[in-house]
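Structure file start38.txt (compact mmCIF, C-alpha atoms) is printed below.
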# COMPACT_ATOMS: atom_id res chain seq x y z
CA MET Q 1 11.10 -103.55 -213.64
CA THR Q 2 13.54 -106.41 -214.02
CA ASN Q 3 17.22 -105.58 -213.72
CA TYR Q 4 18.83 -107.18 -216.78
CA ASP Q 5 22.39 -106.60 -215.63
CA THR Q 6 22.62 -108.53 -212.36
CA PRO Q 7 21.13 -111.94 -211.58
CA ALA Q 8 19.28 -112.05 -208.31
CA ALA Q 9 20.16 -114.52 -205.57
CA PRO Q 10 18.92 -118.11 -206.06
CA ALA Q 11 15.59 -119.01 -204.55
CA VAL Q 12 14.25 -122.51 -204.00
CA ASP Q 13 11.80 -123.48 -206.69
CA ALA Q 14 8.21 -124.20 -205.87
CA ALA Q 15 7.88 -127.84 -204.76
CA PRO Q 16 7.33 -130.23 -207.66
CA GLU Q 17 4.56 -132.79 -207.52
CA LYS Q 18 5.17 -135.29 -204.74
CA THR Q 19 5.62 -138.18 -207.14
CA VAL Q 20 8.58 -136.47 -208.84
CA ALA Q 21 9.92 -134.18 -206.11
CA GLU Q 22 13.28 -135.86 -205.69
CA VAL Q 23 13.79 -136.54 -209.38
CA LEU Q 24 12.68 -133.29 -210.98
CA GLY Q 25 13.67 -130.60 -208.50
CA SER Q 26 15.10 -127.23 -209.54
CA VAL Q 27 16.27 -123.89 -208.20
CA HIS Q 28 16.17 -120.51 -209.92
CA THR Q 29 17.23 -116.93 -209.44
CA THR Q 30 14.52 -114.87 -207.76
CA ASN Q 31 14.20 -112.58 -210.78
CA PHE Q 32 13.33 -115.37 -213.24
CA PRO Q 33 9.50 -115.23 -212.74
CA ASP Q 34 9.40 -111.43 -213.12
CA LEU Q 35 11.68 -111.64 -216.15
CA LEU Q 36 9.20 -113.94 -217.92
CA ARG Q 37 6.26 -111.75 -216.92
CA GLN Q 38 7.98 -108.62 -218.19
CA LEU Q 39 8.85 -110.34 -221.47
CA GLY Q 40 5.27 -111.65 -221.69
CA GLY Q 41 5.99 -115.31 -222.23
CA CYS Q 42 6.94 -118.70 -220.82
CA LEU Q 43 9.26 -121.52 -221.88
CA VAL Q 44 8.79 -125.15 -222.90
CA VAL Q 45 11.80 -127.45 -222.57
CA SER Q 46 12.30 -130.98 -223.87
CA THR Q 47 14.53 -133.52 -222.12
CA TYR Q 48 14.76 -136.83 -223.95
CA GLN Q 49 17.03 -138.23 -221.23
CA ALA Q 50 14.29 -137.82 -218.58
CA GLY Q 51 11.40 -138.44 -221.01
CA LYS Q 52 9.71 -135.14 -220.14
CA LEU Q 53 8.35 -131.96 -221.63
CA VAL Q 54 8.78 -129.23 -219.01
CA ILE Q 55 6.77 -125.98 -218.99
CA LEU Q 56 8.48 -123.15 -217.09
CA ARG Q 57 5.59 -120.92 -215.94
CA PRO Q 58 5.84 -117.81 -213.72
CA ASP Q 59 3.74 -118.42 -210.62
CA GLY Q 60 3.99 -115.66 -208.04
CA ALA Q 61 7.57 -115.53 -206.77
CA SER Q 62 8.41 -118.95 -208.21
CA ILE Q 63 8.80 -120.78 -211.49
CA ASN Q 64 6.20 -123.53 -211.75
CA THR Q 65 7.98 -126.46 -213.45
CA HIS Q 66 5.15 -128.48 -214.97
CA PHE Q 67 6.07 -131.90 -216.42
CA ARG Q 68 4.42 -133.99 -219.12
CA ASN Q 69 5.62 -137.50 -220.04
CA PHE Q 70 6.65 -138.44 -223.57
CA VAL Q 71 8.89 -141.12 -225.04
CA ARG Q 72 12.19 -139.45 -225.94
CA PRO Q 73 10.92 -135.92 -226.71
CA MET Q 74 13.42 -133.86 -228.69
CA GLY Q 75 12.69 -131.38 -231.48
CA MET Q 76 9.84 -128.94 -230.94
CA ALA Q 77 8.07 -126.05 -232.65
CA ALA Q 78 5.39 -123.94 -230.97
CA ASP Q 79 3.50 -120.68 -231.20
CA ASN Q 80 0.25 -119.29 -229.75
CA GLN Q 81 -1.91 -121.64 -231.81
CA ARG Q 82 -0.02 -124.92 -232.24
CA LEU Q 83 2.72 -127.15 -230.97
CA ALA Q 84 4.64 -129.96 -232.70
CA LEU Q 85 6.91 -132.41 -230.91
CA GLY Q 86 9.26 -135.03 -232.28
CA THR Q 87 9.47 -138.18 -230.15
CA ALA Q 88 10.98 -141.65 -230.46
CA LEU Q 89 8.71 -142.84 -233.28
CA GLU Q 90 6.41 -139.98 -234.24
CA VAL Q 91 5.60 -136.33 -234.70
CA ALA Q 92 2.80 -135.32 -232.33
CA GLU Q 93 0.77 -132.19 -233.12
CA PHE Q 94 -1.32 -130.10 -230.71
CA ARG Q 95 -3.73 -127.17 -231.06
CA ASN Q 96 -4.38 -124.45 -228.53
CA MET Q 97 -7.99 -124.52 -227.25
CA PRO Q 98 -8.04 -121.73 -224.65
CA ALA Q 99 -11.77 -122.24 -224.05
CA VAL Q 100 -10.87 -125.51 -222.32
CA ALA Q 101 -8.97 -123.58 -219.63
CA LYS Q 102 -12.06 -122.97 -217.51
CA ARG Q 103 -12.52 -126.73 -217.21
CA LEU Q 104 -9.06 -127.28 -215.76
CA GLN Q 105 -9.24 -125.29 -212.56
CA ASP Q 106 -11.66 -123.16 -210.59
CA PRO Q 107 -10.97 -120.29 -210.67
CA PRO Q 108 -9.31 -120.61 -214.10
CA ARG Q 109 -5.62 -119.69 -214.29
CA HIS Q 110 -4.45 -121.19 -217.60
CA ASP Q 111 -4.24 -118.91 -220.63
CA ALA Q 112 -3.59 -121.65 -223.21
CA VAL Q 113 -4.42 -125.36 -223.45
CA TYR Q 114 -2.62 -127.36 -226.14
CA MET Q 115 -4.76 -130.39 -226.97
CA ALA Q 116 -3.45 -133.41 -228.90
CA ARG Q 117 -4.78 -133.41 -232.47
CA ARG Q 118 -2.87 -135.95 -234.52
CA VAL Q 119 0.20 -138.20 -234.61
CA HIS Q 120 2.32 -139.05 -237.64
CA ILE Q 121 4.38 -142.22 -237.32
CA THR Q 122 7.86 -141.64 -238.72
CA GLY Q 123 9.67 -144.63 -237.30
CA ALA Q 124 12.83 -144.28 -235.21
CA ILE Q 125 14.68 -141.62 -237.20
CA ASP Q 126 16.14 -139.54 -234.32
CA ILE Q 127 14.13 -136.37 -235.00
CA HIS Q 128 16.05 -133.24 -234.04
CA GLU Q 129 15.01 -129.61 -234.61
CA MET Q 130 11.80 -128.61 -236.37
CA ALA Q 131 9.99 -125.46 -237.52
CA TRP Q 132 7.02 -124.32 -239.63
CA ASP Q 133 7.56 -122.37 -242.83
CA LYS Q 134 5.47 -119.38 -243.95
CA HIS Q 135 2.99 -121.74 -245.65
CA GLY Q 136 2.39 -123.75 -242.48
CA ASP Q 137 4.39 -126.81 -243.56
CA LEU Q 138 6.40 -128.49 -240.81
CA TRP Q 139 10.11 -129.11 -241.53
CA PHE Q 140 12.24 -131.32 -239.31
CA VAL Q 141 15.78 -132.66 -239.15
CA ASN Q 142 15.94 -136.42 -239.72
CA THR Q 143 19.29 -137.13 -238.10
CA LEU Q 144 19.39 -140.86 -238.75
CA PHE Q 145 18.96 -140.36 -242.51
CA SER Q 146 21.08 -137.15 -242.60
CA CYS Q 147 18.41 -135.01 -244.25
CA LEU Q 148 15.79 -132.30 -243.80
CA CYS Q 149 12.21 -133.52 -244.21
CA THR Q 150 8.53 -132.64 -244.37
CA LEU Q 151 5.47 -134.89 -244.03
CA ASP Q 152 2.80 -136.21 -246.35
CA MET Q 153 -0.17 -138.53 -245.81
CA LYS Q 154 1.45 -141.73 -247.09
CA SER Q 155 5.17 -141.62 -246.28
CA SER Q 156 7.08 -142.00 -243.04
CA PHE Q 157 8.87 -138.80 -244.05
CA VAL Q 158 9.60 -136.83 -247.22
CA PRO Q 159 13.31 -135.96 -247.71
CA ARG Q 160 13.64 -132.43 -249.06
CA TRP Q 161 17.36 -131.62 -248.65
CA ARG Q 162 20.62 -133.21 -247.57
CA PRO Q 163 24.13 -131.81 -247.25
CA SER Q 164 26.30 -132.08 -250.35
CA CYS Q 165 28.74 -134.27 -248.43
CA VAL Q 166 26.07 -136.98 -248.01
CA THR Q 167 25.65 -138.97 -251.21
CA HIS Q 168 22.69 -141.24 -250.38
CA TYR Q 169 19.78 -141.64 -247.98
CA ALA Q 170 20.55 -144.35 -245.45
CA PRO Q 171 19.78 -144.87 -241.73
CA GLU Q 172 23.46 -144.35 -240.84
CA ASP Q 173 23.68 -140.93 -239.13
CA ARG Q 174 26.55 -140.00 -241.42
CA CYS Q 175 27.05 -136.34 -240.38
CA HIS Q 176 24.73 -135.94 -237.36
CA LEU Q 177 22.66 -133.21 -238.96
CA ASN Q 178 20.87 -131.59 -236.00
CA GLY Q 179 19.99 -127.87 -236.07
CA LEU Q 180 17.59 -125.83 -238.23
CA ALA Q 181 17.19 -122.05 -238.54
CA MET Q 182 14.40 -120.37 -240.49
CA ARG Q 183 14.87 -117.05 -242.29
CA ASP Q 184 12.09 -115.12 -244.02
CA GLY Q 185 9.72 -118.02 -243.43
CA ARG Q 186 11.90 -120.60 -245.15
CA PRO Q 187 14.43 -123.18 -243.89
CA ARG Q 188 17.88 -121.69 -244.40
CA TYR Q 189 20.71 -122.64 -242.02
CA LEU Q 190 21.57 -126.08 -240.65
CA THR Q 191 24.25 -127.46 -238.37
CA ALA Q 192 25.95 -130.85 -238.33
CA LEU Q 193 28.65 -132.39 -236.17
CA GLY Q 194 30.74 -133.46 -239.15
CA GLU Q 195 31.11 -133.08 -242.91
CA THR Q 196 31.24 -136.82 -243.43
CA ASN Q 197 29.69 -139.53 -245.61
CA GLU Q 198 30.53 -142.65 -243.56
CA PRO Q 199 28.17 -144.31 -241.06
CA GLN Q 200 28.51 -142.23 -237.89
CA GLY Q 201 31.62 -140.69 -239.40
CA TRP Q 202 31.13 -137.49 -237.42
CA ARG Q 203 32.29 -139.25 -234.24
CA VAL Q 204 35.91 -139.30 -235.43
CA ASN Q 205 36.35 -135.53 -235.03
CA LYS Q 206 33.49 -134.28 -232.89
CA ARG Q 207 35.75 -131.88 -230.98
CA ASP Q 208 36.05 -129.40 -233.88
CA GLY Q 209 34.59 -131.07 -236.97
CA GLY Q 210 31.24 -129.24 -236.84
CA VAL Q 211 29.86 -127.27 -239.79
CA LEU Q 212 27.19 -124.69 -240.58
CA PHE Q 213 25.37 -125.08 -243.91
CA ASP Q 214 23.48 -122.54 -246.02
CA MET Q 215 20.60 -124.49 -247.55
CA ALA Q 216 19.97 -121.82 -250.19
CA SER Q 217 23.42 -122.24 -251.75
CA ASN Q 218 24.02 -125.80 -250.47
CA LYS Q 219 27.43 -124.67 -249.29
CA VAL Q 220 29.28 -124.67 -245.98
CA ILE Q 221 29.42 -121.27 -244.30
CA THR Q 222 31.74 -122.18 -241.43
CA ARG Q 223 33.90 -125.18 -240.54
CA GLY Q 224 35.83 -126.07 -237.40
CA LEU Q 225 32.91 -125.70 -234.96
CA SER Q 226 32.79 -127.70 -231.74
CA MET Q 227 29.53 -129.66 -231.79
CA PRO Q 228 27.28 -126.86 -233.12
CA HIS Q 229 23.55 -126.86 -232.35
CA SER Q 230 20.49 -124.63 -232.51
CA PRO Q 231 21.22 -122.10 -235.28
CA ARG Q 232 18.80 -119.15 -235.14
CA TRP Q 233 18.23 -116.02 -237.23
CA TYR Q 234 17.18 -113.32 -234.76
CA ASP Q 235 17.71 -109.56 -234.48
CA ASN Q 236 19.31 -109.64 -237.94
CA ARG Q 237 22.07 -111.89 -236.61
CA LEU Q 238 22.87 -115.56 -237.12
CA TRP Q 239 23.29 -117.24 -233.73
CA VAL Q 240 24.72 -120.70 -233.08
CA LEU Q 241 25.42 -122.66 -229.91
CA GLU Q 242 28.91 -124.10 -230.01
CA SER Q 243 28.00 -126.83 -227.56
CA GLY Q 244 31.42 -128.39 -227.19
CA ARG Q 245 32.82 -125.12 -225.85
CA GLY Q 246 29.77 -123.92 -223.92
CA LYS Q 247 29.52 -120.78 -226.07
CA LEU Q 248 26.81 -118.71 -227.71
CA VAL Q 249 28.38 -117.36 -230.90
CA THR Q 250 27.37 -115.19 -233.83
CA ILE Q 251 28.42 -116.04 -237.38
CA ASP Q 252 28.55 -113.73 -240.38
CA PRO Q 253 26.49 -115.60 -243.02
CA LYS Q 254 28.48 -113.97 -245.83
CA THR Q 255 32.04 -114.50 -244.60
CA GLY Q 256 31.61 -117.34 -242.11
CA GLU Q 257 33.48 -115.36 -239.46
CA LYS Q 258 32.65 -116.53 -235.93
CA THR Q 259 32.50 -114.29 -232.85
CA ASP Q 260 32.15 -115.57 -229.28
CA PHE Q 261 29.26 -113.73 -227.64
CA ALA Q 262 28.62 -115.41 -224.26
CA ALA Q 263 29.83 -118.36 -222.20
CA VAL Q 264 27.60 -120.71 -220.21
CA PRO Q 265 28.59 -123.45 -217.71
CA GLY Q 266 27.45 -126.52 -219.59
CA PHE Q 267 26.86 -128.24 -222.91
CA ALA Q 268 24.73 -125.61 -224.65
CA ARG Q 269 21.85 -127.02 -226.71
CA GLY Q 270 18.40 -125.50 -227.23
CA LEU Q 271 17.94 -121.79 -227.96
CA ASP Q 272 15.09 -119.32 -228.29
CA PHE Q 273 14.48 -115.62 -227.74
CA LEU Q 274 12.00 -113.30 -226.04
CA GLY Q 275 12.73 -109.62 -226.61
CA PRO Q 276 16.37 -108.88 -225.69
CA ILE Q 277 16.88 -112.21 -223.92
CA ALA Q 278 18.31 -115.44 -225.31
CA PHE Q 279 17.24 -118.53 -223.39
CA VAL Q 280 19.94 -121.20 -223.61
CA GLY Q 281 19.47 -124.84 -222.61
CA LEU Q 282 22.35 -126.48 -220.73
CA SER Q 283 23.16 -130.15 -220.21
CA GLN Q 284 25.50 -131.81 -217.74
CA LEU Q 285 26.57 -134.58 -220.13
CA ARG Q 286 26.96 -137.72 -218.06
CA GLU Q 287 30.39 -139.33 -218.03
CA THR Q 288 29.06 -142.30 -220.00
CA ASN Q 289 27.84 -139.98 -222.75
CA ALA Q 290 29.54 -140.26 -226.14
CA PHE Q 291 30.05 -136.47 -226.18
CA THR Q 292 32.68 -136.24 -223.43
CA ASP Q 293 36.05 -135.78 -225.16
CA ILE Q 294 35.38 -132.14 -225.98
CA GLU Q 295 36.54 -128.80 -224.60
CA ILE Q 296 33.64 -128.22 -222.22
CA THR Q 297 34.35 -131.49 -220.40
CA ASP Q 298 38.06 -130.70 -220.12
CA ASP Q 299 37.66 -127.15 -218.81
CA ASN Q 300 34.43 -127.26 -216.80
CA LYS Q 301 33.95 -130.28 -214.55
CA ASP Q 302 30.98 -128.68 -212.74
CA ARG Q 303 28.63 -128.63 -215.72
CA GLN Q 304 25.07 -127.47 -215.11
CA SER Q 305 21.68 -128.52 -216.45
CA GLY Q 306 18.87 -126.00 -216.92
CA VAL Q 307 18.03 -122.79 -218.77
CA TRP Q 308 20.25 -119.70 -218.72
CA ALA Q 309 18.92 -116.23 -219.70
CA VAL Q 310 21.51 -114.16 -221.60
CA HIS Q 311 21.04 -110.52 -222.58
CA ILE Q 312 21.77 -110.16 -226.32
CA GLY Q 313 22.98 -106.59 -225.83
CA THR Q 314 25.60 -107.29 -223.17
CA GLY Q 315 26.28 -111.03 -223.30
CA LYS Q 316 25.69 -111.25 -219.55
CA THR Q 317 23.70 -113.97 -217.80
CA VAL Q 318 20.76 -112.19 -216.15
CA ALA Q 319 18.77 -115.11 -214.71
CA LEU Q 320 18.86 -118.89 -214.60
CA LEU Q 321 16.97 -122.04 -213.65
CA LYS Q 322 19.04 -125.07 -212.68
CA PHE Q 323 17.73 -128.62 -212.41
CA THR Q 324 18.97 -130.33 -209.26
CA GLY Q 325 17.56 -133.83 -209.70
CA GLY Q 326 17.35 -136.28 -212.56
CA VAL Q 327 16.98 -133.83 -215.47
CA GLN Q 328 20.54 -133.85 -216.75
CA GLU Q 329 20.22 -133.21 -220.47
CA ILE Q 330 18.19 -130.59 -222.33
CA PHE Q 331 17.47 -130.71 -226.04
CA ALA Q 332 15.02 -127.98 -227.08
CA VAL Q 333 14.05 -124.65 -225.53
CA GLN Q 334 10.95 -123.02 -227.00
CA ALA Q 335 9.55 -119.61 -226.00
CA LEU Q 336 5.80 -118.98 -226.10
CA GLN Q 337 5.25 -115.26 -226.65
CA GLY Q 338 2.04 -113.89 -225.12
CA ILE Q 339 1.37 -116.99 -223.00
CA LEU Q 340 2.30 -117.26 -219.32
CA PHE Q 341 0.54 -120.33 -217.92
CA PRO Q 342 -0.23 -123.00 -220.54
CA GLU Q 343 -1.21 -126.65 -220.23
CA ILE Q 344 -0.46 -129.54 -222.60
CA ILE Q 345 -2.97 -132.41 -222.76
CA HIS Q 346 -2.29 -135.63 -224.67
CA GLU Q 347 -4.27 -138.11 -222.59
CA GLY Q 348 -7.25 -138.26 -220.21
CA ASP Q 349 -10.96 -137.51 -220.18
CA LEU Q 350 -10.70 -134.02 -221.66
CA LEU Q 351 -9.67 -135.47 -225.01
CA ALA Q 352 -13.01 -137.31 -225.12
CA SER Q 353 -15.17 -134.28 -224.38
CA ALA Q 354 -13.42 -131.22 -225.85
CA TYR Q 355 -14.28 -130.64 -229.51
CA ALA Q 356 -12.79 -128.24 -232.04
CA LEU Q 357 -14.91 -127.47 -235.12
CA PRO Q 358 -14.40 -125.24 -238.16
CA ASP Q 359 -15.86 -121.76 -237.80
CA GLU Q 360 -18.62 -122.44 -240.32
CA ALA Q 361 -19.70 -125.52 -238.37
CA LEU Q 362 -19.59 -123.67 -235.07
CA ARG Q 363 -22.20 -121.23 -236.39
CA GLU Q 364 -24.61 -124.14 -236.71
CA VAL Q 365 -24.03 -125.60 -233.24
CA ALA Q 366 -27.14 -125.46 -231.02
CA PHE Q 367 -28.13 -127.62 -228.09
CA SER Q 368 -31.57 -129.13 -227.76
CA PRO Q 369 -33.72 -127.64 -224.99
CA ALA Q 370 -34.09 -129.66 -221.81
CA PRO Q 371 -37.19 -131.88 -221.94
CA ALA Q 372 -40.26 -130.48 -220.21
CA ALA Q 373 -41.30 -132.08 -216.91
CA PRO Q 374 -44.28 -134.44 -217.10
CA VAL Q 375 -47.64 -132.92 -216.15
CA GLY Q 376 -48.10 -132.86 -212.42
CA GLN Q 377 -44.32 -133.22 -211.71
CA ALA Q 378 -42.17 -130.31 -210.68
CA ALA Q 379 -39.32 -129.40 -212.98
CA PRO Q 380 -35.82 -130.18 -211.63
CA VAL Q 381 -34.06 -127.33 -209.86
CA GLY Q 382 -30.65 -126.09 -210.92

Could you take the file, read its structure, and then write that structure out as structure tokens?
Amino acid sequence: MTNYDTPAAPAVDAAPEKTVAEVLGSVHTTNFPDLLRQLGGCLVVSTYQAGKLVILRPDGASINTHFRNFVRPMGMAADNQRLALGTALEVAEFRNMPAVAKRLQDPPRHDAVYMARRVHITGAIDIHEMAWDKHGDLWFVNTLFSCLCTLDMKSSFVPRWRPSCVTHYAPEDRCHLNGLAMRDGRPRYLTALGETNEPQGWRVNKRDGGVLFDMASNKVITRGLSMPHSPRWYDNRLWVLESGRGKLVTIDPKTGEKTDFAAVPGFARGLDFLGPIAFVGLSQLRETNAFTDIEITDDNKDRQSGVWAVHIGTGKTVALLKFTGGVQEIFAVQALQGILFPEIIHEGDLLASAYALPDEALREVAFSPAPAAPVGQAAPVG
């Protein structure tokens, strides 16, 4: 049984692949693998700064940090059947084909294999958070055009909503719309770094100009937030990361009242939940980053990069994984419930020889029998 109240002592992470050992190293508390096993899930993390998608998989006494290369991966949505990822120019979509697992390793150890299925070219629109609605439509934040979008077969993107402060669609990043929370299977709450209508106007007051929108009413719930990200509706509470202060907060959606819930030692961005645990992504924020004149940089010079596990009953950090190499900035943290050791495949020979068919077509799949050996010749063995 994992002790939720006290983090265990740090243990050195299992050695990364030799080609990335010095760049992508990490350490974690010894209880992190058992915590994921007890919760019955793993984590997928995007880092656009390092150009990686990182799968945090429990592997014995260690966390196996498994890296996949993408160009500027940011927003992400995933469940047991599918995964969507926003990158520099496109939305990439994957489907879980667990039957492929036995072809990856002998004996098999993977319990999910997300295979690339299709790519939608959006252009460089700075895709931030994304999520599926109850009908299976994918919604994503188009930060460059300051709007919330879906996809169709002919357009780069389909604008569906923009904040009332933004008067027109333009590739000007007027308010730095970034975070998306679903409620009852519909997009509902969004965060932005400013309530502005000028090109990159949010930069003028990024320290405390952040806002939380209610899409249903098209009104602002809360103002005065310090670089808010990653709104989530979970456990009948509205959670937001106030990144500029390194805080996980709750906000009353009716009154807008904000309550500090937990503090973390870094720029908090990327949030998901498994059971009673909130997994919070942390970024160091390099000194050259535009987001430096904020409270977290004034008060906490030793900022960390990684994933912190916070108990939503106590507000205490119960486990953590810290990157020690070149992974300095995290964007998304996505929990996969019911999956412990997945793989993601978007290139290579398996894409040429692994086929997914509709159920009705699968019922009609049958292989031809092997040809009979010529008379007088022994049949091949094996």

- Task: Would you kindly identify which residues have an atom no farther than 10 Å from (8.6, -135.5, -243.7), using only C-alpha atoms and the file's own coordinates, and write them out as number ranges by chain?
- Result: Q: 91, 120, 122, 137-142, 147-153, 155-160

- Query: Pick from Q:Asp252, Q:Asp79, Q:Asp173, Q:Glu129: nearest to Q:His229, with all atoms listed in the file counted?
  - Reply: Q:Glu129

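For the residues Q:Glu198, Q:Leu320, Q:Asp184, Q:Met74, ranking by smallest atom-to-atom distance to Q:Asn236 using only C-alpha atoms places Q:Asp184 first.
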
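Pairwise distance (atom CA of Q:Tyr189, atom CA of Q:Ala263) equals 22.2 Å.
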
- Query: For the point (31.3, -131.0, -231.7) in file coordinates, what residues are within 6 Å, counting only C-alpha atoms? Give the answer as a list in words?
  - Reply: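 The requested residues, written out, are Leu193, Lys206, Arg207, Asp208, Gly210, Ser226, Met227, Pro228 and Gly244 of chain Q.
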
Please dump the current selection as a compact mmCIF listing (two decimals), in the frame of the given file; keep C-alpha atoms.
# COMPACT_ATOMS: atom_id res chain seq x y z
CA LEU Q 193 28.65 -132.39 -236.17
CA LYS Q 206 33.49 -134.28 -232.89
CA ARG Q 207 35.75 -131.88 -230.98
CA ASP Q 208 36.05 -129.40 -233.88
CA GLY Q 210 31.24 -129.24 -236.84
CA SER Q 226 32.79 -127.70 -231.74
CA MET Q 227 29.53 -129.66 -231.79
CA PRO Q 228 27.28 -126.86 -233.12
CA GLY Q 244 31.42 -128.39 -227.19

- Computed interatomic separation between atom CA of Q:Leu104 and atom CA of Q:Gly41 (Å):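 Result for atom CA of Q:Leu104 versus atom CA of Q:Gly41: 20.3 Å, one decimal.
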
Contacts between stretch 161-166 of chain Q and stretch 174-243 of chain Q, please, where a residue of stretch 174-243 of chain Q counts if it comes within 10 Å (with only C-alpha atoms); show its shortest atom pair and distance in Å to one decimal, rows by chain and ascending number, as JSON lines.
{"residue": "Q:Arg174", "atom": "CA", "partner": "Q:Val166", "partner_atom": "CA", "distance": 7.3}
{"residue": "Q:Cys175", "atom": "CA", "partner": "Q:Val166", "partner_atom": "CA", "distance": 7.7}
{"residue": "Q:Leu177", "atom": "CA", "partner": "Q:Pro163", "partner_atom": "CA", "distance": 8.5}
{"residue": "Q:Leu190", "atom": "CA", "partner": "Q:Pro163", "partner_atom": "CA", "distance": 9.1}
{"residue": "Q:Thr191", "atom": "CA", "partner": "Q:Pro163", "partner_atom": "CA", "distance": 9.9}
{"residue": "Q:Ala192", "atom": "CA", "partner": "Q:Pro163", "partner_atom": "CA", "distance": 9.2}
{"residue": "Q:Gly194", "atom": "CA", "partner": "Q:Cys165", "partner_atom": "CA", "distance": 9.5}
{"residue": "Q:Glu195", "atom": "CA", "partner": "Q:Cys165", "partner_atom": "CA", "distance": 6.1}
{"residue": "Q:Thr196", "atom": "CA", "partner": "Q:Cys165", "partner_atom": "CA", "distance": 6.1}
{"residue": "Q:Asn197", "atom": "CA", "partner": "Q:Val166", "partner_atom": "CA", "distance": 5.0}
{"residue": "Q:Glu198", "atom": "CA", "partner": "Q:Val166", "partner_atom": "CA", "distance": 8.5}
{"residue": "Q:Phe213", "atom": "CA", "partner": "Q:Pro163", "partner_atom": "CA", "distance": 7.6}
{"residue": "Q:Asp214", "atom": "CA", "partner": "Q:Pro163", "partner_atom": "CA", "distance": 9.4}
{"residue": "Q:Met215", "atom": "CA", "partner": "Q:Trp161", "partner_atom": "CA", "distance": 7.9}
{"residue": "Q:Asn218", "atom": "CA", "partner": "Q:Ser164", "partner_atom": "CA", "distance": 6.7}
{"residue": "Q:Lys219", "atom": "CA", "partner": "Q:Ser164", "partner_atom": "CA", "distance": 7.6}
{"residue": "Q:Val220", "atom": "CA", "partner": "Q:Pro163", "partner_atom": "CA", "distance": 8.9}

- Message: Let me make sure I understand: among Q:Phe267, Q:Gly136, Q:Ser368, Q:Ala354, which one has the smallest atom-to-atom distance to Q:Arg117 if we use only C-alpha atoms?
- Response: Q:Ala354

- Query: Hey, can you check how far atom CA of Q:Ala319 sits from atom CA of Q:Leu39?
  - Reply: 12.9 Å

- Message: I need the residue nearest Q:Gly325 from this list: Q:Pro98, Q:Gly179, Q:Pro265, Q:Gly306. Use all atoms listed in the file for the distance.
- Response: Q:Gly306

- Item | 7 Å contact set for stretch 230-235 of chain Q, only C-alpha atoms, chain neighbours under 3 positions out, as a list of chain:residue names |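 Near neighbours after the sequence-gap exclusion: Q:Gly179, Q:Leu180, Q:Ala181, Q:Met182, Q:Arg183, Q:Tyr189, Q:Leu190, Q:Thr191, Q:Leu238, Q:Trp239, Q:Val240, Q:Leu241, Q:Arg269, Q:Gly270, Q:Leu271.
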
Could those selected residues go to a file with C-alpha atoms, as a tab-separated table (two decimals), keeping the file's coordinate frame?
chain	number	residue	atom	x	y	z
Q	179	GLY	CA	19.99	-127.87	-236.07
Q	180	LEU	CA	17.59	-125.83	-238.23
Q	181	ALA	CA	17.19	-122.05	-238.54
Q	182	MET	CA	14.40	-120.37	-240.49
Q	183	ARG	CA	14.87	-117.05	-242.29
Q	189	TYR	CA	20.71	-122.64	-242.02
Q	190	LEU	CA	21.57	-126.08	-240.65
Q	191	THR	CA	24.25	-127.46	-238.37
Q	238	LEU	CA	22.87	-115.56	-237.12
Q	239	TRP	CA	23.29	-117.24	-233.73
Q	240	VAL	CA	24.72	-120.70	-233.08
Q	241	LEU	CA	25.42	-122.66	-229.91
Q	269	ARG	CA	21.85	-127.02	-226.71
Q	270	GLY	CA	18.40	-125.50	-227.23
Q	271	LEU	CA	17.94	-121.79	-227.96

- Q:Gly266: which residues within 6 Å, counting all atoms listed in the file, same-chain residues fewer than 2 positions away excluded, as an NGL selection string? :Q and (246 or 264 or 268 or 282-284 or 303-304)
